[in-house]
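The structure appears below as structure tokens.
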Amino acid sequence: MISWFTEPWTHMFMLHAFLAIILVGLICGVIGVFVILRGLAFLGDALAHAIFPGVVIAFILGGNYLIGALVAAVLVSFAIGLISQGQRLSNDTAIGVIFAGGFALGVALLSTQQSYARDLNSFLFGSILSVRRNDLLLTAAVGLVVLLVVFWYRREFTSIAFDRSYAQSAGINLWAFDQLFLVALAMAIVISLQTVGNVLVLAMLVTPAATARMLTDRLRVMVVLSAAIGVASGVCGLYLSYYRGVPSGAGVVLAATGVFLVVFLFAPATGAITARIRRRLHHPHPERDQFGDEASPA
Amino acid sequence: MSSNPLQHGISAPILATYGLSVHYGNRPALEDISLSIEAGDVVGVLGPNGSGKSTLLQVFAGMIPPSHGSCSFNGREITAPTPGITYVPQRAGASWSFPISVIDAVLLGLGRSTPRYRGFGGNERRRALEALRHVEMEQHANVQIGALSGGQQQRVFLARALLSGGSVLMLDEPFTGVDIPTQALFVSLFDDLKARGMAIVYATHDLDQARSASDKAVLLNRRLIAIGKPDEVFQSSKLQEAFAGNVIVIDDSATTHHSAATVNRR
């Protein structure tokens with residue numbers, strides 16, 4: 001039984017994969033909390049697609065694709081900010097334009113390459129077996145920057161997410177902090193591409209944080225829970241991938257979604273089924289209440 | 001209220017605008033506003049929807065730059081948010097499902113005054129509880145903010161503003177949608193703050209509230225219609241002008257007070 005758990009770790013490629021997914025689960029779990037509290041799920045998805053041309057250009061030039069993606073992400077986040085500065089176009093419209101345009105550019109660039117189909121597949125769904133030592137180091141370094149930014153500016157991000165007008169009146173530069181958040185979010189997405197892929201990275205940002213939100217009303221606890229759920233889902237997903245041959249990205253996201261569903265149904269305070277059971281316990285015979293001698297407590 | 005010596009022009013105004021105009025694109029929100037507010041004033045700003053009440057408050061808070069003219073705090077031009085002026089936005093703009101307790105929401109009022117490497121300590125929490133005590137919300141310190149009533153949420157906003165300090169309080173519709181005990185608490189709190197020399201400026205739709213809680217009223221409809229003592233400002237001709245004729249004035253000669261109801265005409 002123990003060997004069932006330890007066996008995958010004996011392979012160097014799986015060790016790299018586990019370390020990578022632990023980092024990704026942790027970092028996406030933390031920044032994902034602010035993504036869902038600010039209602040930016042669409043932006044997360046869009047950023048993941050819009051940085052595609054950066055990845056492809058790096059690939060064609062033979063450079064590190066994480067760096068290419070990062071450069072593209074910064075450009076895209078500034079472009080979204082610029083387009084939505086005007087009064088006529090809303091933020092989500094700007095995101096939609098850049099998202100589709102960027103992705104199409106990436107596909108067009110990649111189609112010039114011989115190994116088009118295979119490369120597109122690994123970008124869309126991740127290729128966790130190809131994680132090397134250098135990729136891990138870059139992931140750890142970029143992830144550390146993201147975590148430091150979120151920690152250092154936690155009061156600003158919290159104040160903006162809770163009450164934007166007050167944050168502005170307190171002297172917080174909304175534009176600068178929005179851009180900083182976009183760049184940090186893009187960095188988190190970029191380091192997730194290799195492990196979970198472009199299509200499913202959104203789940204790493206949204207699902208653990210959404211699960212954590214159902215379990216607590218405290219921001220600090222939510223951040224810790226979200227990171228823990230992200231890491232646990234990542235590890236479980238890799239086991240699923242290793243033993244059942246499921247693509248790693250799909251395995252990780254299925255594990256995260258499974259945790260979400262369990263919490264959604266059985267969370268102590270908010271679960272759909274637990275709430276029903278609780279009501280039943282307090283009002284065992286609701287149909288009799290209206291005819292009972294004593295009014296039941298509300 | 002009129003015994004306040006500061007109201008007789010002995011000292012320089014704490015807030016002043018001169019020829020202030022604000023435009024959103026081509027649309028004017030405020031035009032040629034010149035007014036002054038002294039320390040210890042409680043000022044109600046009234047006008048119909050879209051008359052520029054919130055814009056005026058946000059210009060003072062340093063959130064919106066004037067298109068023309070100037071706006072000053074203690075004689076210094078306001079170009080950005082200043083620590084001396086604390087703004088309390090409308091309740092509707094906040095995310096009430098946010099996972100934060102009452103005391104943590106109040107602590108946001110301390111902003112960036114505490115070192116970043118550590119959380120808020122015992123001293124800061126004591127100050128936050130003290131601010132909550134002023135609004136009679138101390139017992140709700142650990143409650144999730146979304147579980148509060150509208151009046152309680154507004155009290156938390158006020159506690160956050162008290163904690164952040166400053167000598168001017170700008171409140172955008174603090175009486176809207178709050179219960180009567182909370183309204184009474186705010187009026188008495190305004191008196192306390194005024195006694196400490198603070199200036200309080202608030203936007204409201206309620207003429208009676210403005211009459212009972214303010215030393216001074218400002219009647220706006222993009223332009224400044226009137227400024228002065230509430231009973232002087234709320235004359236039927238001025239109200240008619242501010243509300244562009246969409247107003248019914250019921251004159252109660254026994255009290256010399258006017259009640260006004262606005263009528264939407266389409």
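Identifiers in this document derive from the order of the structure tokens: chains are assigned A, B, ..., residues are numbered from 1 separately in each chain, and ligands are numbered from 1 in order of occurrence.
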Residues within 12 Å of Gly29 in chain A, please, as a compact mmCIF listing (two decimals) with N, CA and C atoms, in the first residue's frame. Count only C-alpha atoms; anything in the same chain fewer than 3 positions from it doesn't count.
```txt
# COMPACT_ATOMS: atom_id res chain seq x y z
N ILE A 21 3.78 20.76 -9.55
CA ILE A 21 2.34 20.91 -9.29
C ILE A 21 2.10 21.44 -7.87
N ILE A 22 3.01 21.10 -6.94
CA ILE A 22 2.87 21.65 -5.57
C ILE A 22 3.05 23.18 -5.61
N LEU A 23 4.06 23.61 -6.35
CA LEU A 23 4.29 25.06 -6.48
C LEU A 23 3.09 25.75 -7.14
N VAL A 24 2.60 25.13 -8.22
CA VAL A 24 1.48 25.72 -8.97
C VAL A 24 0.22 25.77 -8.09
N GLY A 25 -0.05 24.67 -7.39
CA GLY A 25 -1.24 24.63 -6.51
C GLY A 25 -1.17 25.71 -5.45
N LEU A 26 0.01 25.87 -4.88
CA LEU A 26 0.20 26.88 -3.82
C LEU A 26 0.00 28.30 -4.36
N GLY A 32 -5.55 33.10 -6.53
CA GLY A 32 -6.92 32.80 -6.95
C GLY A 32 -7.96 33.37 -5.99
N VAL A 33 -7.60 33.49 -4.71
CA VAL A 33 -8.52 34.08 -3.73
C VAL A 33 -8.92 35.48 -4.18
N PHE A 34 -7.95 36.27 -4.61
CA PHE A 34 -8.26 37.64 -5.04
C PHE A 34 -8.95 37.65 -6.40
N VAL A 35 -8.65 36.62 -7.22
CA VAL A 35 -9.33 36.52 -8.52
C VAL A 35 -10.84 36.35 -8.29
N ILE A 36 -11.22 35.43 -7.40
CA ILE A 36 -12.67 35.21 -7.25
C ILE A 36 -13.32 36.32 -6.43
N GLY A 143 7.16 32.15 -8.81
CA GLY A 143 6.14 31.95 -7.78
C GLY A 143 6.45 32.73 -6.52
N VAL A 146 5.47 36.27 -6.99
CA VAL A 146 4.01 36.44 -6.90
C VAL A 146 3.57 36.45 -5.43
N LEU A 147 4.07 35.49 -4.66
CA LEU A 147 3.67 35.40 -3.25
C LEU A 147 4.12 36.64 -2.47
N VAL A 150 1.82 39.58 -3.33
CA VAL A 150 0.51 39.46 -2.66
C VAL A 150 0.66 39.74 -1.17
N LEU A 185 -0.90 38.01 -11.65
CA LEU A 185 -1.80 36.94 -12.11
C LEU A 185 -1.23 36.27 -13.36
N ALA A 188 1.49 33.91 -12.42
CA ALA A 188 0.96 32.65 -11.88
C ALA A 188 0.45 31.76 -13.01
N ILE A 189 -0.19 32.35 -14.00
CA ILE A 189 -0.71 31.57 -15.13
C ILE A 189 0.43 30.95 -15.93
N SER A 192 1.94 27.95 -14.65
CA SER A 192 1.02 26.80 -14.60
C SER A 192 0.87 26.13 -15.96
N VAL A 201 -5.98 25.98 -16.83
CA VAL A 201 -5.34 26.77 -15.77
C VAL A 201 -6.36 27.55 -14.95
N LEU A 202 -7.45 27.94 -15.59
CA LEU A 202 -8.49 28.69 -14.89
C LEU A 202 -8.98 27.94 -13.65
N ALA A 203 -9.07 26.61 -13.80
CA ALA A 203 -9.58 25.82 -12.68
C ALA A 203 -8.65 25.93 -11.47
N MET A 204 -7.34 26.01 -11.71
CA MET A 204 -6.41 26.13 -10.58
C MET A 204 -6.55 27.47 -9.88
N LEU A 205 -6.97 28.49 -10.64
CA LEU A 205 -7.15 29.82 -10.04
C LEU A 205 -8.48 29.91 -9.30
N VAL A 206 -9.51 29.28 -9.85
CA VAL A 206 -10.86 29.53 -9.35
C VAL A 206 -11.35 28.45 -8.38
N THR A 207 -11.12 27.17 -8.73
CA THR A 207 -11.77 26.10 -7.98
C THR A 207 -11.28 25.99 -6.51
N PRO A 208 -9.97 25.97 -6.25
CA PRO A 208 -9.57 25.89 -4.83
C PRO A 208 -10.05 27.11 -4.02
N ALA A 209 -9.99 28.29 -4.62
CA ALA A 209 -10.42 29.49 -3.90
C ALA A 209 -11.93 29.45 -3.63
N ALA A 210 -12.70 28.99 -4.63
CA ALA A 210 -14.15 28.90 -4.44
C ALA A 210 -14.48 27.89 -3.35
N THR A 211 -13.74 26.78 -3.34
CA THR A 211 -13.95 25.76 -2.30
C THR A 211 -13.65 26.35 -0.93
N ALA A 212 -12.54 27.07 -0.83
CA ALA A 212 -12.15 27.67 0.45
C ALA A 212 -13.18 28.68 0.92
N ARG A 213 -13.76 29.43 -0.03
CA ARG A 213 -14.75 30.46 0.35
C ARG A 213 -15.96 29.84 1.04
N MET A 222 -9.06 31.75 4.39
CA MET A 222 -9.40 31.40 3.01
C MET A 222 -8.14 31.23 2.16
N VAL A 223 -7.18 32.12 2.35
CA VAL A 223 -5.93 32.04 1.57
C VAL A 223 -5.20 30.73 1.89
N VAL A 224 -5.10 30.40 3.18
CA VAL A 224 -4.39 29.18 3.59
C VAL A 224 -5.12 27.94 3.06
N LEU A 225 -6.45 27.91 3.22
CA LEU A 225 -7.24 26.77 2.76
C LEU A 225 -7.13 26.61 1.25
N SER A 226 -7.22 27.72 0.53
CA SER A 226 -7.18 27.68 -0.92
C SER A 226 -5.84 27.11 -1.40
N ALA A 227 -4.76 27.58 -0.78
CA ALA A 227 -3.43 27.06 -1.14
C ALA A 227 -3.35 25.57 -0.84
N ALA A 228 -3.85 25.17 0.34
CA ALA A 228 -3.79 23.76 0.73
C ALA A 228 -4.61 22.90 -0.23
N ILE A 229 -5.79 23.36 -0.59
CA ILE A 229 -6.64 22.60 -1.51
C ILE A 229 -5.98 22.52 -2.89
N GLY A 230 -5.36 23.62 -3.31
CA GLY A 230 -4.65 23.63 -4.59
C GLY A 230 -3.54 22.60 -4.62
N VAL A 231 -2.73 22.57 -3.55
CA VAL A 231 -1.61 21.61 -3.48
C VAL A 231 -2.14 20.18 -3.43
N ALA A 232 -3.14 19.93 -2.56
CA ALA A 232 -3.68 18.58 -2.41
C ALA A 232 -4.30 18.09 -3.72
N SER A 233 -5.04 18.97 -4.40
CA SER A 233 -5.65 18.58 -5.68
C SER A 233 -4.56 18.24 -6.70
N GLY A 234 -3.50 19.04 -6.69
CA GLY A 234 -2.40 18.82 -7.63
C GLY A 234 -1.78 17.45 -7.42
N ALA A 256 -9.49 18.73 -8.12
CA ALA A 256 -9.94 19.99 -7.52
C ALA A 256 -11.46 20.10 -7.59
```
Against chain A, which residues of chain B fall within 6 Å? For each one I want the closest pair of atoms and the distance in Å (one decimal), counting only C-alpha atoms, rows by chain and increasing residue number, as a Markdown table.
```
| residue | atom | partner | partner_atom | distance |
| --- | --- | --- | --- | --- |
| B:Met63 | CA | A:Ser169 | CA | 5.9 |
| B:Pro81 | CA | A:Gly171 | CA | 5.2 |
| B:Ala94 | CA | A:Asp163 | CA | 4.4 |
| B:Ser95 | CA | A:Phe162 | CA | 5.2 |
| B:Pro99 | CA | A:Asp217 | CA | 4.5 |
| B:Ile100 | CA | A:Arg218 | CA | 5.3 |
```
Write out the residues from the selection above, keeping C-alpha atoms, as a short mmCIF file (atom, residue, chain, number, x, y, z; two decimals), in the first residue's frame.
```cif
data_model
loop_
_atom_site.label_atom_id
_atom_site.label_comp_id
_atom_site.auth_asym_id
_atom_site.auth_seq_id
_atom_site.Cartn_x
_atom_site.Cartn_y
_atom_site.Cartn_z
CA MET B 63 -10.41 61.36 -6.07
CA PRO B 81 -6.19 62.18 -1.58
CA ALA B 94 -18.75 47.77 -1.26
CA SER B 95 -18.66 44.00 -1.65
CA PRO B 99 -14.86 37.38 3.75
CA ILE B 100 -13.95 39.90 6.42
#
```
Review point. Which residue, B:Ala12, B:Ala29, B:Leu158, B:Val42, has the smallest gap to Lys194 in chain B when you use only C-alpha atoms?
Key: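 Of the candidates, the smallest distance to Lys194 in chain B is held by B:Val42.
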Point to revise | Selection: 7 Å around Ala50 in chain A, only C-alpha atoms, excl. self and same-chain fewer than 3 positions, as a list in words | key: Ala46, Leu47, Val76, Ile98, Phe99, Ala100, Gly102 and Phe103 of chain A
For range 240-267 of chain A versus range 271-277 of chain A, which residues have an atom no more than 12 Å away, and what is each residue's nearest atom pair and distance in Å rounded to one decimal, using only C-alpha atoms, chain-then-number order, as CSV?
```
residue,atom,partner,partner_atom,distance
A:Phe260,CA,A:Gly271,CA,10.6
A:Leu261,CA,A:Gly271,CA,9.5
A:Val262,CA,A:Gly271,CA,8.5
A:Val263,CA,A:Gly271,CA,6.4
A:Phe264,CA,A:Gly271,CA,5.0
A:Leu265,CA,A:Gly271,CA,4.5
A:Phe266,CA,A:Gly271,CA,4.4
A:Ala267,CA,A:Gly271,CA,4.2
```
Review point. Can you list every residue in range 39-281 of chain A that DSSP puts in alpha helix (DSSP H), as a ChimeraX atom specification?
Key: /A:41-50,52-61,65-83,91-110,116-125,133-152,154-162,164-169,174-215,219-244,248-266,272-281
